[in-house]
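Source file: coords-v5.tsv. Holds: TSV, C-alpha atoms.
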```tsv
chain	number	residue	atom	x	y	z
A	270	MET	CA	29.67	32.11	-99.31
A	271	ILE	CA	27.74	32.76	-96.15
A	272	PRO	CA	24.13	33.53	-96.77
A	273	SER	CA	22.84	36.68	-95.39
A	274	PRO	CA	20.47	36.41	-92.39
A	275	GLN	CA	17.59	37.46	-94.59
A	276	GLU	CA	18.21	34.55	-96.95
A	277	ASN	CA	18.21	32.07	-94.04
A	278	GLU	CA	14.68	32.92	-93.13
A	279	PRO	CA	12.01	30.84	-94.80
A	280	LYS	CA	10.44	32.62	-97.67
A	281	ARG	CA	7.20	34.12	-96.67
A	282	VAL	CA	4.69	33.73	-99.38
A	283	LYS	CA	2.40	36.64	-99.27
A	284	LEU	CA	-1.00	35.09	-99.71
A	285	LYS	CA	-3.62	37.10	-101.38
A	286	LYS	CA	-6.07	37.59	-98.61
A	287	HIS	CA	-9.41	36.18	-99.63
A	288	PRO	CA	-11.88	38.94	-98.99
A	289	MET	CA	-14.55	36.61	-97.64
A	290	ASN	CA	-15.14	33.25	-96.13
A	291	CYS	CA	-18.23	32.04	-97.93
A	292	GLU	CA	-18.95	29.19	-95.51
A	293	HIS	CA	-19.31	31.68	-92.69
A	294	TYR	CA	-21.80	33.76	-94.67
A	295	GLU	CA	-23.69	30.69	-95.86
A	296	LEU	CA	-24.25	29.70	-92.25
A	297	MET	CA	-25.42	33.25	-91.57
A	298	ILE	CA	-28.01	32.80	-94.33
A	299	PHE	CA	-29.36	29.65	-92.67
A	300	ASP	CA	-29.47	31.48	-89.36
A	301	LEU	CA	-32.10	33.91	-90.62
A	302	PRO	CA	-35.58	33.56	-89.14
A	303	PHE	CA	-38.15	32.53	-91.72
A	304	SER	CA	-39.97	35.83	-91.42
A	305	ALA	CA	-36.86	37.70	-92.58
A	306	ARG	CA	-37.16	39.88	-95.66
A	307	ALA	CA	-34.40	41.19	-97.89
A	308	ALA	CA	-34.55	44.52	-96.04
A	309	ASP	CA	-33.86	42.78	-92.71
A	310	ILE	CA	-30.54	41.34	-93.83
A	311	ASP	CA	-27.59	42.25	-91.66
A	312	SER	CA	-25.28	44.89	-93.15
A	313	VAL	CA	-22.25	42.58	-92.93
A	314	LEU	CA	-24.06	39.90	-94.91
A	315	ARG	CA	-25.40	42.48	-97.33
A	316	GLU	CA	-21.88	43.79	-97.99
A	317	HIS	CA	-20.67	40.27	-98.72
A	318	MET	CA	-23.60	39.68	-101.08
A	319	SER	CA	-22.65	42.74	-103.08
A	320	GLN	CA	-19.32	41.07	-103.86
A	321	CYS	CA	-20.21	37.38	-104.03
A	322	SER	CA	-22.73	36.33	-106.66
A	323	SER	CA	-22.69	32.74	-105.44
A	324	CYS	CA	-23.81	33.63	-101.91
A	325	LYS	CA	-26.31	36.12	-103.31
A	326	ALA	CA	-27.93	33.37	-105.40
A	327	LEU	CA	-28.06	31.18	-102.28
A	328	LEU	CA	-29.66	33.95	-100.23
A	329	ASP	CA	-32.21	34.87	-102.90
A	330	SER	CA	-33.37	31.26	-103.32
A	331	HIS	CA	-33.47	30.68	-99.57
A	332	LEU	CA	-35.51	33.84	-99.05
A	333	VAL	CA	-38.12	32.63	-101.57
A	334	GLY	CA	-38.47	29.27	-99.76
A	335	MET	CA	-38.58	30.87	-96.31
A	336	GLN	CA	-41.11	33.47	-97.39
A	337	GLN	CA	-43.48	30.85	-98.78
A	338	ILE	CA	-43.24	28.69	-95.66
A	339	ASN	CA	-43.86	31.76	-93.51
A	340	GLU	CA	-46.83	32.86	-95.60
A	341	SER	CA	-48.42	29.43	-95.33
A	342	ARG	CA	-48.70	29.94	-91.58
A	343	ARG	CA	-52.20	30.75	-90.37
A	344	ILE	CA	-52.47	34.26	-89.03
A	345	GLN	CA	-56.19	34.41	-88.37
A	346	PRO	CA	-57.95	31.95	-86.04
A	347	ASN	CA	-60.37	29.52	-87.66
A	348	PRO	CA	-63.83	30.61	-86.42
A	349	PHE	CA	-65.09	27.01	-86.67
A	350	PHE	CA	-62.17	25.51	-84.77
A	351	TYR	CA	-63.84	25.27	-81.35
A	352	GLN	CA	-67.08	24.03	-82.90
A	353	GLY	CA	-65.05	21.40	-84.76
A	354	ILE	CA	-63.53	20.17	-81.50
A	355	LEU	CA	-66.95	19.90	-79.88
A	356	SER	CA	-68.40	17.87	-82.74
A	357	ARG	CA	-65.29	15.71	-82.71
A	358	MET	CA	-65.74	15.08	-79.00
A	359	GLU	CA	-69.41	14.30	-79.42
A	360	SER	CA	-68.87	11.70	-82.09
A	361	LYS	CA	-66.06	9.92	-80.31
A	362	THR	CA	-63.42	10.45	-77.69
A	363	VAL	CA	-59.80	10.48	-78.76
A	364	SER	CA	-59.08	7.09	-77.26
A	365	ALA	CA	-62.22	5.50	-78.64
A	366	LYS	CA	-61.31	6.86	-82.02
A	367	ALA	CA	-57.84	5.37	-81.78
A	368	ASN	CA	-59.32	1.97	-80.93
A	369	THR	CA	-61.98	1.94	-83.61
A	370	VAL	CA	-60.10	3.54	-86.45
A	371	TYR	CA	-59.50	0.21	-88.15
A	372	GLY	CA	-62.99	-1.06	-87.29
A	373	SER	CA	-64.65	1.93	-88.95
A	374	ARG	CA	-62.48	1.47	-91.99
A	375	ILE	CA	-63.39	-2.18	-92.20
A	376	LEU	CA	-67.06	-1.22	-91.96
A	377	ARG	CA	-66.64	1.29	-94.75
A	378	LEU	CA	-64.83	-1.28	-96.84
A	379	SER	CA	-67.24	-4.12	-95.99
A	380	PRO	CA	-69.06	-4.23	-99.38
A	381	ALA	CA	-65.75	-4.36	-101.20
A	382	LEU	CA	-64.37	-6.93	-98.76
A	383	MET	CA	-67.52	-9.08	-99.13
A	384	SER	CA	-67.20	-8.96	-102.92
A	385	ALA	CA	-63.54	-9.93	-102.73
A	386	ALA	CA	-64.33	-12.80	-100.33
A	387	ALA	CA	-67.13	-14.03	-102.62
A	388	ALA	CA	-64.80	-13.91	-105.61
A	389	ILE	CA	-62.19	-15.95	-103.72
A	390	VAL	CA	-64.76	-18.56	-102.61
A	391	PHE	CA	-66.11	-18.83	-106.16
A	392	GLY	CA	-62.58	-19.20	-107.53
A	393	VAL	CA	-61.75	-21.93	-105.02
A	394	TRP	CA	-64.98	-23.77	-105.91
A	395	ILE	CA	-64.27	-23.59	-109.67
A	396	GLY	CA	-60.68	-24.72	-109.09
A	397	GLY	CA	-61.85	-27.59	-106.93
A	398	ARG	CA	-64.27	-28.78	-109.58
A	399	LEU	CA	-61.61	-28.68	-112.26
A	400	THR	CA	-59.12	-30.60	-110.15
A	401	MET	CA	-61.73	-33.21	-109.28
A	402	ASN	CA	-62.49	-33.75	-112.96
A	403	LEU	CA	-58.83	-34.32	-113.68
A	404	GLN	CA	-58.45	-36.79	-110.83
A	405	THR	CA	-61.49	-38.89	-111.88
A	406	SER	CA	-60.00	-39.84	-115.21
A	407	PRO	CA	-61.26	-43.44	-116.03
A	408	VAL	CA	-57.83	-44.76	-117.10
A	409	ASN	CA	-56.44	-45.42	-113.65
A	410	THR	CA	-59.37	-46.83	-111.77
A	411	SER	CA	-59.77	-50.53	-110.98
A	412	GLU	CA	-63.32	-50.44	-112.26
A	413	SER	CA	-62.20	-49.32	-115.67
A	414	ARG	CA	-59.47	-51.95	-115.66
A	415	GLU	CA	-62.02	-54.66	-115.03
A	416	MET	CA	-64.15	-53.31	-117.84
A	417	MET	CA	-61.17	-53.35	-120.18
A	418	LEU	CA	-60.30	-56.94	-119.21
A	419	SER	CA	-63.84	-58.11	-119.76
A	420	ALA	CA	-63.90	-56.37	-123.15
A	421	VAL	CA	-60.66	-58.08	-124.20
A	422	ALA	CA	-61.89	-61.45	-122.89
A	423	GLU	CA	-65.10	-61.00	-124.83
A	424	ASP	CA	-63.14	-60.23	-128.00
A	425	LEU	CA	-61.06	-63.36	-127.48
A	426	GLN	CA	-64.17	-65.36	-126.67
A	427	LEU	CA	-62.83	-66.45	-123.28
A	428	ILE	CA	-65.27	-67.73	-120.72
A	429	ASP	CA	-63.13	-66.93	-117.71
A	430	ILE	CA	-62.29	-63.25	-117.75
A	431	SER	CA	-59.89	-63.23	-114.83
A	432	GLU	CA	-56.59	-61.48	-115.32
A	433	SER	CA	-54.57	-64.68	-114.93
A	434	THR	CA	-56.57	-66.49	-117.58
A	435	LEU	CA	-56.05	-63.59	-119.95
A	436	GLU	CA	-52.33	-63.48	-119.25
A	437	THR	CA	-52.00	-67.25	-119.78
A	438	TYR	CA	-53.89	-67.02	-123.05
A	439	LEU	CA	-51.75	-64.17	-124.30
A	440	MET	CA	-48.50	-65.94	-123.33
A	441	ASP	CA	-49.61	-69.12	-125.04
A	442	ASN	CA	-50.52	-67.29	-128.20
A	443	GLN	CA	-47.71	-64.78	-128.17
A	444	ASN	CA	-45.22	-66.84	-130.18
A	445	PRO	CA	-46.98	-69.74	-131.85
A	446	GLU	CA	-43.76	-70.97	-133.52
A	447	GLN	CA	-42.22	-71.89	-130.17
A	448	PRO	CA	-43.03	-75.34	-128.88
B	123	MET	CA	-58.28	35.72	-66.01
B	124	THR	CA	-54.65	35.02	-65.03
B	125	GLU	CA	-52.83	31.95	-66.26
B	126	ALA	CA	-52.97	30.34	-62.80
B	127	GLU	CA	-56.73	30.86	-62.66
B	128	LEU	CA	-57.11	29.50	-66.15
B	129	VAL	CA	-55.14	26.39	-65.21
B	130	GLN	CA	-57.20	25.90	-62.07
B	131	ARG	CA	-60.45	26.20	-63.98
B	132	LEU	CA	-59.15	23.86	-66.68
B	133	LYS	CA	-58.46	21.27	-64.01
B	134	GLU	CA	-62.05	21.69	-62.87
B	135	LYS	CA	-63.13	21.01	-66.47
B	136	ASP	CA	-64.73	24.42	-66.83
B	137	PRO	CA	-65.96	24.66	-70.46
B	138	ALA	CA	-65.60	28.46	-70.52
B	139	ALA	CA	-61.95	28.24	-69.50
B	140	TRP	CA	-61.34	25.58	-72.07
B	141	HIS	CA	-63.02	27.69	-74.78
B	142	GLN	CA	-60.75	30.57	-73.83
B	143	LEU	CA	-57.68	28.35	-74.01
B	144	VAL	CA	-58.67	27.13	-77.47
B	145	GLU	CA	-59.28	30.64	-78.78
B	146	GLN	CA	-56.02	31.95	-77.32
B	147	HIS	CA	-53.75	29.15	-78.47
B	148	GLN	CA	-55.27	27.57	-81.57
B	149	LEU	CA	-52.89	29.44	-83.87
B	150	LEU	CA	-49.87	28.33	-81.86
B	151	VAL	CA	-50.86	24.67	-81.93
B	152	TYR	CA	-52.02	24.69	-85.55
B	153	ASN	CA	-48.89	26.42	-86.84
B	154	VAL	CA	-46.56	24.04	-84.98
B	155	CYS	CA	-48.42	21.05	-86.43
B	156	LYS	CA	-48.39	22.62	-89.88
B	157	GLY	CA	-44.66	23.32	-89.57
B	158	PHE	CA	-43.99	19.63	-89.04
B	159	LEU	CA	-46.67	18.02	-91.20
B	160	HIS	CA	-46.71	20.44	-94.19
B	161	ASN	CA	-50.40	19.62	-94.66
B	162	ALA	CA	-53.24	21.96	-93.66
B	163	HIS	CA	-55.94	19.29	-93.19
B	164	ASP	CA	-53.72	16.99	-91.13
B	165	ALA	CA	-52.59	19.96	-89.04
B	166	GLU	CA	-56.22	21.02	-88.44
B	167	ASP	CA	-57.30	17.52	-87.37
B	168	LEU	CA	-54.26	17.01	-85.19
B	169	SER	CA	-54.54	20.38	-83.47
B	170	GLN	CA	-58.19	19.66	-82.61
B	171	ASP	CA	-57.15	16.29	-81.19
B	172	ILE	CA	-54.47	18.05	-79.15
B	173	PHE	CA	-57.02	20.34	-77.51
B	174	ILE	CA	-59.21	17.35	-76.68
B	175	GLU	CA	-56.16	15.70	-75.11
B	176	VAL	CA	-55.47	18.89	-73.17
B	177	PHE	CA	-59.05	18.93	-71.92
B	178	ASN	CA	-58.86	15.29	-70.82
B	179	ASN	CA	-55.42	15.61	-69.22
B	180	ALA	CA	-55.57	19.10	-67.72
B	181	HIS	CA	-55.21	17.59	-64.24
B	182	LYS	CA	-51.73	16.34	-65.21
B	183	PHE	CA	-50.46	19.87	-65.82
B	184	ARG	CA	-48.19	20.67	-62.87
B	185	GLY	CA	-48.11	24.39	-63.52
B	186	ASP	CA	-44.33	24.75	-63.29
B	187	ALA	CA	-44.16	25.94	-66.92
B	188	LYS	CA	-46.26	28.29	-68.98
B	189	ILE	CA	-49.34	26.86	-70.70
B	190	SER	CA	-47.85	27.76	-74.07
B	191	THR	CA	-44.71	25.72	-73.28
B	192	TRP	CA	-46.88	22.75	-72.34
B	193	LEU	CA	-48.90	23.14	-75.55
B	194	TYR	CA	-45.74	23.42	-77.67
B	195	ARG	CA	-44.44	20.22	-76.08
B	196	ILE	CA	-47.66	18.32	-76.77
B	197	ALA	CA	-47.94	19.70	-80.30
B	198	VAL	CA	-44.35	18.73	-81.17
B	199	ASN	CA	-44.69	15.22	-79.73
B	200	ARG	CA	-48.06	14.57	-81.34
B	201	SER	CA	-46.82	15.87	-84.70
B	202	LEU	CA	-43.82	13.56	-84.59
B	203	ASN	CA	-46.04	10.61	-83.62
B	204	PHE	CA	-48.38	11.49	-86.45
B	205	MET	CA	-45.48	11.43	-88.91
B	206	ARG	CA	-44.26	8.10	-87.55
B	207	ASN	CA	-47.71	6.57	-88.02
B	208	SER	CA	-48.10	8.00	-91.50
B	209	ARG	CA	-46.99	4.71	-93.06
B	210	LYS	CA	-50.00	2.93	-91.59
B	211	ARG	CA	-52.32	5.66	-92.80
B	212	ARG	CA	-50.76	5.57	-96.27
B	213	PHE	CA	-51.40	1.82	-96.39
B	214	TRP	CA	-55.08	2.31	-95.55
B	215	LYS	CA	-55.40	5.15	-98.05
B	216	GLU	CA	-54.02	2.86	-100.73
B	217	ILE	CA	-56.55	0.19	-99.73
B	218	ASP	CA	-59.33	2.81	-99.88
B	219	ALA	CA	-58.14	3.94	-103.30
B	220	LEU	CA	-57.92	0.35	-104.49
B	221	PHE	CA	-61.58	-0.27	-103.68
B	222	GLY	CA	-62.67	3.23	-104.68
B	223	VAL	CA	-63.85	4.13	-101.17
B	224	SER	CA	-63.30	7.73	-100.07
B	225	ALA	CA	-62.99	8.79	-96.44
B	226	PRO	CA	-65.88	10.86	-95.04
B	227	GLN	CA	-65.26	14.60	-95.22
B	228	ASP	CA	-65.27	16.72	-92.08
B	229	ALA	CA	-68.01	19.33	-92.40
B	230	THR	CA	-66.22	21.68	-90.03
B	231	ALA	CA	-62.95	21.69	-91.98
B	232	PHE	CA	-61.60	25.19	-92.34
B	233	VAL	CA	-61.44	26.44	-95.89
B	234	PRO	CA	-59.02	29.37	-96.15
B	235	SER	CA	-60.31	32.54	-97.71
B	236	VAL	CA	-58.89	33.81	-100.98
B	237	GLU	CA	-56.63	36.26	-99.17
B	238	THR	CA	-55.13	33.61	-96.91
B	239	ALA	CA	-54.91	30.84	-99.51
B	240	PRO	CA	-51.36	29.62	-99.81
B	241	MET	CA	-49.52	30.62	-102.94
B	242	GLU	CA	-48.38	28.01	-105.39
B	243	THR	CA	-45.55	26.03	-103.88
B	244	SER	CA	-42.23	26.93	-105.44
B	245	GLU	CA	-39.39	24.55	-106.06
B	246	GLN	CA	-37.33	26.41	-103.44
B	247	ARG	CA	-40.00	25.85	-100.82
B	248	SER	CA	-40.34	22.17	-101.65
B	249	MET	CA	-36.59	21.72	-101.39
B	250	LEU	CA	-36.47	23.60	-98.11
B	251	ASP	CA	-39.37	21.57	-96.66
B	252	LYS	CA	-37.70	18.36	-97.78
B	253	ALA	CA	-34.31	19.36	-96.39
B	254	ILE	CA	-35.82	20.26	-93.00
B	255	SER	CA	-37.80	17.00	-92.92
B	256	GLN	CA	-34.60	15.04	-93.51
B	257	LEU	CA	-32.81	16.57	-90.51
B	258	PRO	CA	-32.33	14.35	-87.46
B	259	GLU	CA	-35.37	14.62	-85.18
B	260	ASN	CA	-33.89	16.81	-82.43
B	261	GLN	CA	-32.24	19.14	-84.93
B	262	ARG	CA	-35.53	19.45	-86.81
B	263	ILE	CA	-37.48	20.30	-83.65
B	264	ALA	CA	-34.94	22.85	-82.45
B	265	PHE	CA	-34.56	24.46	-85.88
B	266	THR	CA	-38.33	24.63	-86.51
B	267	LEU	CA	-39.10	26.12	-83.12
B	268	ASN	CA	-36.28	28.66	-83.37
B	269	LYS	CA	-36.42	29.71	-87.03
B	270	ILE	CA	-40.08	29.18	-87.96
B	271	GLU	CA	-41.83	29.68	-84.62
B	272	GLU	CA	-39.18	32.27	-83.73
B	273	LEU	CA	-38.83	31.12	-80.13
B	274	SER	CA	-35.69	32.03	-78.23
B	275	TYR	CA	-33.02	29.44	-77.46
B	276	ALA	CA	-34.15	29.49	-73.82
B	277	GLU	CA	-37.76	28.77	-74.76
B	278	VAL	CA	-36.71	25.96	-77.12
B	279	ALA	CA	-34.55	24.54	-74.34
B	280	GLU	CA	-37.51	24.55	-71.95
B	281	ILE	CA	-39.83	22.90	-74.48
B	282	MET	CA	-37.30	20.22	-75.39
B	283	ALA	CA	-36.12	19.82	-71.79
B	284	LEU	CA	-32.48	20.28	-72.85
B	285	SER	CA	-29.73	22.67	-71.83
B	286	LEU	CA	-29.15	25.94	-73.62
B	287	SER	CA	-25.80	24.77	-74.99
B	288	ALA	CA	-27.41	21.60	-76.33
B	289	ILE	CA	-29.94	23.72	-78.20
B	290	GLU	CA	-27.20	25.96	-79.60
B	291	SER	CA	-25.35	22.90	-80.78
B	292	LEU	CA	-28.46	21.34	-82.34
B	293	ILE	CA	-29.33	24.50	-84.23
B	294	HIS	CA	-25.75	24.98	-85.41
B	295	ARG	CA	-25.63	21.41	-86.72
B	296	ALA	CA	-29.03	21.86	-88.35
B	297	ARG	CA	-27.74	24.95	-90.17
B	298	GLN	CA	-24.65	23.08	-91.31
B	299	ASN	CA	-26.74	20.17	-92.57
B	300	LEU	CA	-29.14	22.46	-94.39
B	301	ARG	CA	-26.23	24.32	-95.95
B	302	LYS	CA	-24.76	21.03	-97.20
B	303	LYS	CA	-28.10	19.84	-98.56
B	304	LEU	CA	-29.25	23.07	-100.17
B	305	LYS	CA	-26.06	24.83	-101.25
B	306	ASN	CA	-25.56	22.92	-104.47
B	307	TYR	CA	-29.22	22.89	-105.28
B	308	TYR	CA	-29.73	26.62	-104.79
B	309	LYS	CA	-26.60	27.59	-106.66
```

Taking this structure as input, can you express it in the form of structure tokens?
Amino acid sequence: MIPSPQENEPKRVKLKKHPMNCEHYELMIFDLPFSARAADIDSVLREHMSQCSSCKALLDSHLVGMQQINESRRIQPNPFFYQGILSRMESKTVSAKANTVYGSRILRLSPALMSAAAAIVFGVWIGGRLTMNLQTSPVNTSESREMMLSAVAEDLQLIDISESTLETYLMDNQNPEQP
Amino acid sequence: MTEAELVQRLKEKDPAAWHQLVEQHQLLVYNVCKGFLHNAHDAEDLSQDIFIEVFNNAHKFRGDAKISTWLYRIAVNRSLNFMRNSRKRRFWKEIDALFGVSAPQDATAFVPSVETAPMETSEQRSMLDKAISQLPENQRIAFTLNKIEELSYAEVAEIMALSLSAIESLIHRARQNLRKKLKNYYK
């Protein structure tokens, strides 16, 4: 059976035309100047908003943010602005200020820095003293060894208190049963 | 006084001309700084420094652009430098706080009146500020100048010394980035 020419043609699926392309309108929202108010919105965008709650939520939130940024802008000149510049210039030039910014800070912090330095020096001194006390333990010194030897020799009633005499005496008396 | 005369007198370091320049353009400079720094005190200090710089370097102004363009350029560059150096300042502030030392207050600091006091910052504003701050530098400059300062593409191009198509592209990409960042949050 030969198919009819109509059947040969690929089936055309009739897509339901999406009434709006949200991405396009979202970009339109971010194209608004920050001074824009709801009344200034373009009619095309407004029409889309009436049908798309998602884009409307985006627009409403964005308008709040934009409005607050715009309202934070100064609209009246500061009457003390020029006077402020003059006093700034009198105290220091811009370049001098850049060079001494850390110096002035250090000056301001000097009492605190001096206290910190004193605390460090005191800590080092205390630490040094403690370490020195540990190192001067009498057990390991030759002087204390000599004192110990003389004490042992005295106990054993030896006349010669040299180390070799002591060792000989101890070896001789270590095992009296051996010949 | 025409702009050419003003420039000439600025180069001669005429205090009256300089005073006039400050009065005419302080809002421009302050608002640009504020737009980048999001902090009124920093913006005030920086804008005063900018006018001192203008006074000291007036002889470098070639006069081939408008004074406002020159001021925008300086304000944008100084604001970006200020932000880059903010890490150093944060470090010193932490040191100050650690030792309980507070920085001296500027007696001439401008205190906004009740009418001009900024309203409480909303979450939407914070998110928008943050999203703009996170844009790549050129996109942020172009977007801020075009959408917040409401300068034309041609003016932004002149300030940034880029072509018109480059500015269009930067602003388009900035919008796309903001859409990506804020879409989910807002919805």

May I have the residues of chain A within 6 Å of chain B, counting all atoms listed in the file, written as a ChimeraX atom specification?
-> /A:299,302-303,327,334,341-342,353-354

Mind giving me the axis-aligned box for range 246-260 of chain B with 6 Å on every side, centre plus edges in Å to one decimal, as lines of an AutoDock Vina configuration file?
```
center_x = -36.3
center_y = 20.4
center_z = -92.9
size_x = 20.0
size_y = 24.1
size_z = 33.0
```

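Interatomic distance, CA of Arg195 in chain B against CA of Val278 in chain B: 9.7 Å.
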
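Across the model, the gap from CA of Phe204 in chain B to CA of Met358 in chain A is 19.2 Å.
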
Return the single residue from B:Pro258, B:Ala139, B:Ala264, B:Glu134 that is closest to Glu280 in chain B, with distances computed using only C-alpha atoms.
-> B:Ala264

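Going from CA of Ser304 in chain A over to CA of His331 in chain A, you cover 11.6 Å.
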
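Neighbouring residues of Asp429 in chain A at 12 Å or closer, counting all atoms listed in the file and skipping chain neighbours under 5 positions away, are Leu418, Ser419, Ala420, Val421, Ala422, Glu423, Thr434, Leu435, Glu436, Thr437 and Tyr438 of chain A.
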
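Across B:Ile281, B:Phe158, B:Lys303, B:Asn260, the tightest approach to Ser190 in chain B is made by B:Ile281 when counting only C-alpha atoms.
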
Hey, which of B:Cys155, B:Met282, B:Arg206, B:Phe213 ends up closest to Ile263 in chain B? Count only C-alpha atoms.
-> B:Met282

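By chain and then residue number, the residues within 10 Å of range 123-127 of chain B are Gln130, Arg131, Leu132, Lys133, Ala139, Gln142, Leu143, Gly185, Lys188 and Ile189 of chain B, counting all atoms listed in the file and disregarding those fewer than 3 positions away in sequence.
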